Amino acid sequence: MLIIVFQVSAGITMASSRADTLDTISRPKNYKKGWKPFPFPILGYNTDIGFQYGLALDLPYYGDGSTFPKYFHSFYLEASFTTKGGSIFQFFYDSEKLIKNMRITADVSYLTEKALDFYGFNGYQSVYNPSWEDDKDTADYISRVFYRHERKLFKFAFSFQGKFLTDHLRWFAGATILNTDVGSVDIEKLNKGQKE
């Protein structure tokens, strides 16, 4: 299922209680300049997804350091996997310097989940019977993943924002494209390595 969302809005930012701005503040002694990569590992565990492992990289670029602590450009990259087949691939970009006087944000992600919770479309009116997924209730038990589904999601989003009349009023416009593929849970794969 392909979903395209366009959004246009305006908002008011919080006014600073200080009279000075980054332009008038003296630069700290420990300011940063150039590229400052920060890689970090991703580790986790869940009985339904197994072990999660991967790597993320936060990559800000401070240029000559004149705008520190604001960055010129910021990149975020993530690739992580689970032993039961889930994954996250994400690229995120944010900058106020690519186009003068405009902030640009972009996100490209591909996410797979093997057992995502889903309880119905009608919220409170949906039928939820906990005994259908509770294996201790042998009379009504159906499956521990009865209220779950498999999902593959591709997302591309971008937005622009800039000043509107004053420093405290900003315009915002953007678009998001989502492509979602939903299916039944592969119970055999989830149960691999589980005790009976």
# chains A, B, ... in the order shown; residues from 1 in each chain; ligands from 1

call {"tool": "select_by_dssp", "arguments": {"residues": "chain A", "states": "helix (DSSP H, G or I)", "output": "list in words"}}
result
Gly123, Tyr124, Gln125, Pro130, Ser131, Trp132, Ile187, Glu188, Lys189, Leu190 and Asn191 of chain A

call {"tool": "residues_around", "arguments": {"residues": "A:Asp64", "least_positions_apart": "3", "cutoff": "9 Å", "atoms": "only C-alpha atoms", "output": "NGL selection string"}}
result
:A and (32-34 or 67-68)

call {"tool": "residues_around", "arguments": {"residues": "stretch 60-62 of chain A", "least_positions_apart": "5", "cutoff": "10 Å", "atoms": "only C-alpha atoms", "output": "ChimeraX atom specification"}}
result
/A:31-38,67-76,93-95

call {"tool": "closest_residue", "arguments": {"among": "A:Lys136, A:Arg148, A:Lys163, A:Lys155", "to": "A:Thr176", "atoms": "only C-alpha atoms"}}
result
A:Lys155

call {"tool": "residues_around", "arguments": {"residues": "A:Gly44", "least_positions_apart": "6", "cutoff": "8 Å", "atoms": "only C-alpha atoms", "output": "PyMOL selection string"}}
result
chain A and resi 51-53

call {"tool": "residues_around", "arguments": {"residues": "A:Lys100", "least_positions_apart": "3", "cutoff": "12 Å", "atoms": "only C-alpha atoms", "output": "list in words"}}
result
Phe72, Ser95, Glu96, Lys97, Arg103, Ile104, Phe160, Gln161, Gly162 and Lys163 of chain A

call {"tool": "write_last_selection", "arguments": {"atoms": "N, CA and C atoms", "output": "PDB file, in the first residue's frame"}}
result
ATOM      1  N   PHE A  72      26.561  22.806  10.744  1.00  0.00           N
ATOM      2  CA  PHE A  72      26.218  23.189   9.372  1.00  0.00           C
ATOM      3  C   PHE A  72      25.320  22.120   8.749  1.00  0.00           C
ATOM      4  N   SER A  95      19.881  20.281   7.935  1.00  0.00           N
ATOM      5  CA  SER A  95      20.801  21.389   7.703  1.00  0.00           C
ATOM      6  C   SER A  95      20.058  22.704   7.560  1.00  0.00           C
ATOM      7  N   GLU A  96      20.679  23.749   8.065  1.00  0.00           N
ATOM      8  CA  GLU A  96      20.204  25.112   7.826  1.00  0.00           C
ATOM      9  C   GLU A  96      21.143  25.835   6.865  1.00  0.00           C
ATOM     10  N   LYS A  97      22.123  25.134   6.306  1.00  0.00           N
ATOM     11  CA  LYS A  97      23.146  25.751   5.461  1.00  0.00           C
ATOM     12  C   LYS A  97      23.085  25.317   4.000  1.00  0.00           C
ATOM     13  N   ARG A 103      15.763  25.706   6.497  1.00  0.00           N
ATOM     14  CA  ARG A 103      16.154  24.438   7.118  1.00  0.00           C
ATOM     15  C   ARG A 103      15.565  23.300   6.300  1.00  0.00           C
ATOM     16  N   ILE A 104      16.411  22.326   5.991  1.00  0.00           N
ATOM     17  CA  ILE A 104      15.993  21.163   5.206  1.00  0.00           C
ATOM     18  C   ILE A 104      16.213  19.914   6.046  1.00  0.00           C
ATOM     19  N   PHE A 160      10.870  21.469   4.498  1.00  0.00           N
ATOM     20  CA  PHE A 160      11.554  22.751   4.427  1.00  0.00           C
ATOM     21  C   PHE A 160      10.896  23.674   5.433  1.00  0.00           C
ATOM     22  N   GLN A 161      11.694  24.517   6.065  1.00  0.00           N
ATOM     23  CA  GLN A 161      11.119  25.545   6.920  1.00  0.00           C
ATOM     24  C   GLN A 161      12.000  26.780   6.898  1.00  0.00           C
ATOM     25  N   GLY A 162      11.352  27.924   7.110  1.00  0.00           N
ATOM     26  CA  GLY A 162      12.089  29.176   7.097  1.00  0.00           C
ATOM     27  C   GLY A 162      11.356  30.240   7.900  1.00  0.00           C
ATOM     28  N   LYS A 163      12.001  31.383   8.032  1.00  0.00           N
ATOM     29  CA  LYS A 163      11.409  32.489   8.789  1.00  0.00           C
ATOM     30  C   LYS A 163      10.223  33.072   8.026  1.00  0.00           C
TER      31      LYS A 163
END

call {"tool": "select_by_dssp", "arguments": {"residues": "chain A", "states": "strand (DSSP E)", "output": "ChimeraX atom specification"}}
result
/A:2-12,38-46,50-61,73-82,87-99,102-117,148-164,166-183

call {"tool": "atom_distance", "arguments": {"atom1": "atom CA of A:Ser87", "atom2": "atom CA of A:Glu133"}}
result
24.7 Å

call {"tool": "residues_around", "arguments": {"residues": "A:Tyr110", "least_positions_apart": "3", "cutoff": "8 Å", "atoms": "only C-alpha atoms", "output": "PyMOL selection string"}}
result
chain A and resi 87-90+152-155

call {"tool": "write_last_selection", "arguments": {"atoms": "C-alpha atoms", "output": "mmCIF file, in the first residue's frame"}}
result
data_model
loop_
_atom_site.group_PDB
_atom_site.id
_atom_site.type_symbol
_atom_site.label_atom_id
_atom_site.label_comp_id
_atom_site.auth_asym_id
_atom_site.auth_seq_id
_atom_site.Cartn_x
_atom_site.Cartn_y
_atom_site.Cartn_z
ATOM 1 C CA SER A 87 15.985 -4.839 10.310
ATOM 2 C CA ILE A 88 16.366 -1.061 10.308
ATOM 3 C CA PHE A 89 18.129 0.886 7.580
ATOM 4 C CA GLN A 90 17.912 4.644 8.082
ATOM 5 C CA LYS A 152 7.892 -3.992 5.752
ATOM 6 C CA LEU A 153 7.898 -0.194 5.626
ATOM 7 C CA PHE A 154 9.696 2.146 3.253
ATOM 8 C CA LYS A 155 9.592 5.841 4.169
#

call {"tool": "residues_around", "arguments": {"residues": "A:Gly120", "least_positions_apart": "2", "cutoff": "12 Å", "atoms": "only C-alpha atoms", "output": "PyMOL selection string"}}
result
chain A and resi 117-118+122-129+146-149

call {"tool": "write_last_selection", "arguments": {"atoms": "N, CA, C and O atoms", "output": "PDB file, in the first residue's frame"}}
result
ATOM      1  N   ASP A 117       2.728  -5.528  16.960  1.00  0.00           N
ATOM      2  CA  ASP A 117       1.398  -5.566  17.597  1.00  0.00           C
ATOM      3  C   ASP A 117       0.341  -4.902  16.714  1.00  0.00           C
ATOM      4  O   ASP A 117       0.579  -3.862  16.110  1.00  0.00           O
ATOM      5  N   PHE A 118      -0.841  -5.506  16.652  1.00  0.00           N
ATOM      6  CA  PHE A 118      -1.985  -4.926  15.947  1.00  0.00           C
ATOM      7  C   PHE A 118      -3.258  -5.463  16.599  1.00  0.00           C
ATOM      8  O   PHE A 118      -3.502  -6.655  16.633  1.00  0.00           O
ATOM      9  N   ASN A 122     -10.601  -0.333  15.086  1.00  0.00           N
ATOM     10  CA  ASN A 122     -11.624   0.440  15.786  1.00  0.00           C
ATOM     11  C   ASN A 122     -11.290   0.771  17.236  1.00  0.00           C
ATOM     12  O   ASN A 122     -12.167   1.088  18.014  1.00  0.00           O
ATOM     13  N   GLY A 123     -10.035   0.672  17.589  1.00  0.00           N
ATOM     14  CA  GLY A 123      -9.635   1.061  18.933  1.00  0.00           C
ATOM     15  C   GLY A 123     -10.397   0.313  20.008  1.00  0.00           C
ATOM     16  O   GLY A 123     -10.408  -0.916  20.061  1.00  0.00           O
ATOM     17  N   TYR A 124     -11.093   1.043  20.854  1.00  0.00           N
ATOM     18  CA  TYR A 124     -11.795   0.470  21.997  1.00  0.00           C
ATOM     19  C   TYR A 124     -12.851  -0.549  21.570  1.00  0.00           C
ATOM     20  O   TYR A 124     -13.138  -1.498  22.298  1.00  0.00           O
ATOM     21  N   GLN A 125     -13.432  -0.377  20.388  1.00  0.00           N
ATOM     22  CA  GLN A 125     -14.487  -1.283  19.942  1.00  0.00           C
ATOM     23  C   GLN A 125     -13.954  -2.594  19.374  1.00  0.00           C
ATOM     24  O   GLN A 125     -14.721  -3.528  19.161  1.00  0.00           O
ATOM     25  N   SER A 126     -12.653  -2.674  19.121  1.00  0.00           N
ATOM     26  CA  SER A 126     -12.080  -3.913  18.597  1.00  0.00           C
ATOM     27  C   SER A 126     -12.156  -5.015  19.648  1.00  0.00           C
ATOM     28  O   SER A 126     -12.040  -4.761  20.844  1.00  0.00           O
ATOM     29  N   VAL A 127     -12.322  -6.239  19.182  1.00  0.00           N
ATOM     30  CA  VAL A 127     -12.389  -7.377  20.092  1.00  0.00           C
ATOM     31  C   VAL A 127     -10.977  -7.749  20.512  1.00  0.00           C
ATOM     32  O   VAL A 127     -10.126  -8.014  19.668  1.00  0.00           O
ATOM     33  N   TYR A 128     -10.735  -7.746  21.817  1.00  0.00           N
ATOM     34  CA  TYR A 128      -9.443  -8.190  22.341  1.00  0.00           C
ATOM     35  C   TYR A 128      -9.708  -9.251  23.396  1.00  0.00           C
ATOM     36  O   TYR A 128     -10.378  -9.001  24.393  1.00  0.00           O
ATOM     37  N   ASN A 129      -9.183 -10.435  23.149  1.00  0.00           N
ATOM     38  CA  ASN A 129      -9.324 -11.542  24.079  1.00  0.00           C
ATOM     39  C   ASN A 129      -7.922 -12.020  24.457  1.00  0.00           C
ATOM     40  O   ASN A 129      -7.270 -12.717  23.681  1.00  0.00           O
ATOM     41  N   PHE A 146      -1.193 -13.992  17.919  1.00  0.00           N
ATOM     42  CA  PHE A 146      -2.519 -13.803  17.317  1.00  0.00           C
ATOM     43  C   PHE A 146      -2.769 -12.334  16.964  1.00  0.00           C
ATOM     44  O   PHE A 146      -3.350 -12.023  15.926  1.00  0.00           O
ATOM     45  N   TYR A 147      -2.335 -11.399  17.818  1.00  0.00           N
ATOM     46  CA  TYR A 147      -2.552  -9.965  17.593  1.00  0.00           C
ATOM     47  C   TYR A 147      -1.306  -9.287  17.020  1.00  0.00           C
ATOM     48  O   TYR A 147      -1.009  -8.141  17.340  1.00  0.00           O
ATOM     49  N   ARG A 148      -0.601  -9.978  16.164  1.00  0.00           N
ATOM     50  CA  ARG A 148       0.598  -9.402  15.561  1.00  0.00           C
ATOM     51  C   ARG A 148       0.630  -9.685  14.062  1.00  0.00           C
ATOM     52  O   ARG A 148      -0.055 -10.579  13.575  1.00  0.00           O
ATOM     53  N   HIS A 149       1.427  -8.898  13.363  1.00  0.00           N
ATOM     54  CA  HIS A 149       1.587  -9.101  11.929  1.00  0.00           C
ATOM     55  C   HIS A 149       3.022  -8.748  11.512  1.00  0.00           C
ATOM     56  O   HIS A 149       3.767  -8.117  12.256  1.00  0.00           O
TER      57      HIS A 149
END

call {"tool": "closest_residue", "arguments": {"among": "A:Ile49, A:Leu111, A:Ala173, A:Ile142", "to": "A:Glu78", "atoms": "only C-alpha atoms"}}
result
A:Leu111

call {"tool": "closest_residue", "arguments": {"among": "A:Tyr45, A:Phe40, A:Tyr119, A:Phe164", "to": "A:Met102", "atoms": "only C-alpha atoms"}}
result
A:Phe164

call {"tool": "atom_distance", "arguments": {"atom1": "atom CA of A:Lys84", "atom2": "atom CA of A:Gly183"}}
result
15.6 Å
